[in-house]
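A.B. asks: Below: one structure in structure tokens.
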Amino acid sequence: MAWFDRLKQGLHKTRQSVQESLRRLMGGAPDAQTLEELEAALLGADVGVAVTQRLLHHVKTQGTRGGDSLALLKEALGEILIPAQSAPLEHLIAQGPQPFVILTVGVNGVGKTTTIAKLASRFKKQGLSPLLVAADTFRAAAIEQLEVWGKHIGVDVIKHRQGADPSAVAFDGVTAAKARKSGVVLIDTAGRLHTKHNLMDELKKMKRVIARELPEAPHEVLLILDGTIGQNALVQARQFHEAIGVTGLAITKLDGTAKGGILVAIASTLAIPVRLVGVGEQEDDLQDFQAQAFVDALLAVEEE
């Protein structure tokens, strides 16, 4: 299945919540009832109050001058999302120093380990010689999970025992990558609540230790967000960013929610590039974020 079809299928639940409003927008200027229904639908999809008002204002003001209101909505949504689109990670890696260090962070259960394994597989296929680092030492299962992934995709894993200092594991991972001339290092970290200051301090320490071994690293701090939790994802993104300086976002599980509009709220609120979106469990279900494809998939009108 082509990526756009996967994305469209993955956003089905979110799209269904706004579908009736989209049909009414086709062909002309919207009436007050349609705008009211669209407002409720967008808020229900967790687009957020401020963004919803911005979209409605564009449709109302431009719609009075003629034109297709659905096209106007797509236009307004694109203006929000296009600035959040970035070059693929491979481009950043090619332009950056080697090894390129990606530190993945996020709360429990968002899919960090699976996401970096999928990225490692993708990078290997492109000849980038990735190395995985199991710095989630809190759970033995996390180390084992990464080892299983490593064997499955044929990528080495640097690990310590359970309970070891995560910063020491990250340091050894970067050292090993330099010795092996790896192109990219993907560091898995323990899930942590964004409100736990001691755990956020642990991430800060990890960043300092990595930088001592490789100046300017980590080159990417990739925050993994669960798309099913709606507005709480925005809270997480803001607080992780304030604590450690997030440089990119990966938003997963968009296929399991009607709240996919949260990506729009995040893009509008935070100046952090959205690198990746995930709409399923398969490797090909995690792809680079493409703003126009997302708009088209989200606002596609389905046959009744």
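The chains in the structure tokens are called A, B, ... from first to last as shown; in each chain the residues are counted from 1, and the ligands are counted from 1 in the order shown.
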Taking only residues of segment 54-164 of chain A that have an atom at most 8 Å from an atom of segment 191-213 of chain A, what is each one's shortest atom pair and its distance in Å to one decimal, using only C-alpha atoms, in chain and number order, as JSON lines?

C.D. replies:
```
{"residue": "A:Val105", "atom": "CA", "partner": "A:Gly191", "partner_atom": "CA", "distance": 7.0}
{"residue": "A:Gly106", "atom": "CA", "partner": "A:Gly191", "partner_atom": "CA", "distance": 5.6}
{"residue": "A:Val107", "atom": "CA", "partner": "A:Gly191", "partner_atom": "CA", "distance": 4.3}
{"residue": "A:Asn108", "atom": "CA", "partner": "A:Gly191", "partner_atom": "CA", "distance": 4.1}
{"residue": "A:Gly109", "atom": "CA", "partner": "A:Gly191", "partner_atom": "CA", "distance": 7.3}
{"residue": "A:Asp136", "atom": "CA", "partner": "A:Gly191", "partner_atom": "CA", "distance": 7.8}
```

A.B. asks: Could you write those residues out with N, CA and C atoms, as a JSON list (two decimals), in the first residue's frame?

C.D. replies:
```
[["chain", "number", "residue", "atom", "x", "y", "z"],
["A", 105, "VAL", "N", 13.41, 10.40, 23.49],
["A", 105, "VAL", "CA", 12.84, 10.61, 24.83],
["A", 105, "VAL", "C", 11.32, 10.57, 24.73],
["A", 106, "GLY", "N", 10.68, 10.46, 25.89],
["A", 106, "GLY", "CA", 9.22, 10.45, 25.94],
["A", 106, "GLY", "C", 8.73, 9.74, 27.18],
["A", 107, "VAL", "N", 7.43, 9.78, 27.41],
["A", 107, "VAL", "CA", 6.85, 9.12, 28.57],
["A", 107, "VAL", "C", 6.71, 7.62, 28.27],
["A", 108, "ASN", "N", 6.28, 6.88, 29.28],
["A", 108, "ASN", "CA", 6.10, 5.43, 29.12],
["A", 108, "ASN", "C", 5.02, 5.11, 28.09],
["A", 109, "GLY", "N", 5.27, 4.08, 27.29],
["A", 109, "GLY", "CA", 4.23, 3.54, 26.43],
["A", 109, "GLY", "C", 3.98, 4.25, 25.12],
["A", 136, "ASP", "N", 17.82, 2.53, 28.32],
["A", 136, "ASP", "CA", 16.70, 2.34, 29.23],
["A", 136, "ASP", "C", 17.09, 1.17, 30.13]]
```

A.B. asks: One number please: atom CA of Val185 of chain A to atom CA of Leu234 of chain A, in Å, one decimal.

C.D. replies: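 Separation between atom CA of Val185 of chain A and atom CA of Leu234 of chain A: 27.0 Å.
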
A.B. asks: What separation in Å, quoted to one decimal, exists between atom CA of Pro218 of chain A and atom CA of Ala94 of chain A?

C.D. replies: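 Atom CA of Pro218 of chain A sits 15.0 Å away from atom CA of Ala94 of chain A.
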
A.B. asks: From the options A:Leu11, A:Leu214, A:Val133, A:Leu38, which residue's atoms come nearest to Thr228 of chain A, counting only C-alpha atoms?

C.D. replies: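 Of A:Leu11, A:Leu214, A:Val133, A:Leu38, the one nearest Thr228 of chain A is A:Leu11, counting only C-alpha atoms.
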
A.B. asks: Go through A:Gly154, A:Pro99, A:Gly248, A:Gly227 and flag the residue nearest Arg122 of chain A, using only C-alpha atoms for the distances.

C.D. replies: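 Checking each candidate against Arg122 of chain A, we get A:Gly154 as the closest.
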
A.B. asks: So, with only C-alpha atoms as the atoms that count, which of A:Ile224, A:Leu25, A:Ala117, A:Ala190 lies closest to Lys74 of chain A?

C.D. replies: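 For Lys74 of chain A, the nearest of the candidates is A:Leu25.
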
A.B. asks: Which residues are near Ile82 of chain A? Cut-off 9 Å, only C-alpha atoms, ignore same chain within fewer than 4 positions. Put them as a PyMOL selection string.

C.D. replies: chain A and resi 77-78+86+267+290-292

A.B. asks: Please give the complete set of residues from segment 80-301 of chain A that DSSP, run on the backbone, assigns to strand (DSSP E), formatted as number ranges by chain.

C.D. replies: A: 100-105, 130-135, 157-158, 184-189, 220-226, 248-252, 274-278, 286-288

A.B. asks: Here is a test: counting only C-alpha atoms, which residue of A:Pro83, A:Pro130, A:Pro30, A:Gly245 is nearest to Val274 of chain A?

C.D. replies: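 Checking each of A:Pro83, A:Pro130, A:Pro30, A:Gly245 against Val274 of chain A, counting only C-alpha atoms, the winner is A:Pro83.
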
A.B. asks: Residues near segment 50-65 of chain A, anyone? I mean within 7 Å using only C-alpha atoms, not counting same-chain ones fewer than 4 positions away, as a list in words.

C.D. replies: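 In the requested format, the answer is Ala29, Glu39, Leu42, Leu43, Ser69, Leu72, Leu73, Ala76, Leu77 and Ala265 of chain A.
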
A.B. asks: May I have the selected residues written with C-alpha atoms, as a PDB file, in the first residue's frame?

C.D. replies:
```pdb
ATOM      1  CA  ALA A  29     -19.624  29.671   1.160  1.00  0.00           C
ATOM      2  CA  GLU A  39     -16.063  24.144  15.042  1.00  0.00           C
ATOM      3  CA  LEU A  42     -12.412  20.346  14.989  1.00  0.00           C
ATOM      4  CA  LEU A  43     -12.458  20.782  18.748  1.00  0.00           C
ATOM      5  CA  SER A  69     -14.818  26.480   1.410  1.00  0.00           C
ATOM      6  CA  LEU A  72     -10.033  27.279   1.874  1.00  0.00           C
ATOM      7  CA  LEU A  73      -9.913  25.028   4.921  1.00  0.00           C
ATOM      8  CA  ALA A  76      -5.473  27.417   6.070  1.00  0.00           C
ATOM      9  CA  LEU A  77      -4.436  24.061   7.494  1.00  0.00           C
ATOM     10  CA  ALA A 265      -2.271  22.031  17.617  1.00  0.00           C
TER      11      ALA A 265
END
```

A.B. asks: From the set A:His160, A:Ala176, A:Gly111, A:Arg238, which residue has the shortest atom-to-atom contact distance to Ile251 of chain A, counting only C-alpha atoms?

C.D. replies: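 Smallest distance to Ile251 of chain A is found for A:Gly111.
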
A.B. asks: Pick out the residues sitting within 7 Å of Val18 of chain A, and hand them over as a short mmCIF file (atom, residue, chain, number, x, y, z; two decimals) with N, CA and C atoms, in the first residue's frame; count only C-alpha atoms, and ignore anything fewer than 2 positions along from it in its own chain.

C.D. replies:
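Output file result23.cif is given in full below:
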```
data_model
loop_
_atom_site.label_atom_id
_atom_site.label_comp_id
_atom_site.auth_asym_id
_atom_site.auth_seq_id
_atom_site.Cartn_x
_atom_site.Cartn_y
_atom_site.Cartn_z
N ARG A 15 -10.77 11.64 10.69
CA ARG A 15 -11.49 12.20 9.55
C ARG A 15 -13.00 12.00 9.69
N GLN A 16 -13.40 10.87 10.25
CA GLN A 16 -14.82 10.60 10.41
C GLN A 16 -15.49 11.64 11.30
N GLU A 20 -19.00 15.03 8.06
CA GLU A 20 -20.25 15.67 7.66
C GLU A 20 -20.02 17.16 7.38
N SER A 21 -19.19 17.79 8.19
CA SER A 21 -18.89 19.20 7.98
C SER A 21 -18.14 19.41 6.67
N LEU A 22 -17.24 18.49 6.35
CA LEU A 22 -16.47 18.62 5.11
C LEU A 22 -17.39 18.55 3.90
N LEU A 38 -18.64 22.52 12.18
CA LEU A 38 -17.21 22.35 11.90
C LEU A 38 -16.38 22.70 13.14
N ALA A 41 -16.59 19.87 15.51
CA ALA A 41 -15.85 18.71 15.00
C ALA A 41 -14.35 18.89 15.16
N LEU A 42 -13.84 20.08 14.86
CA LEU A 42 -12.41 20.35 14.99
C LEU A 42 -11.97 20.29 16.45
#
```
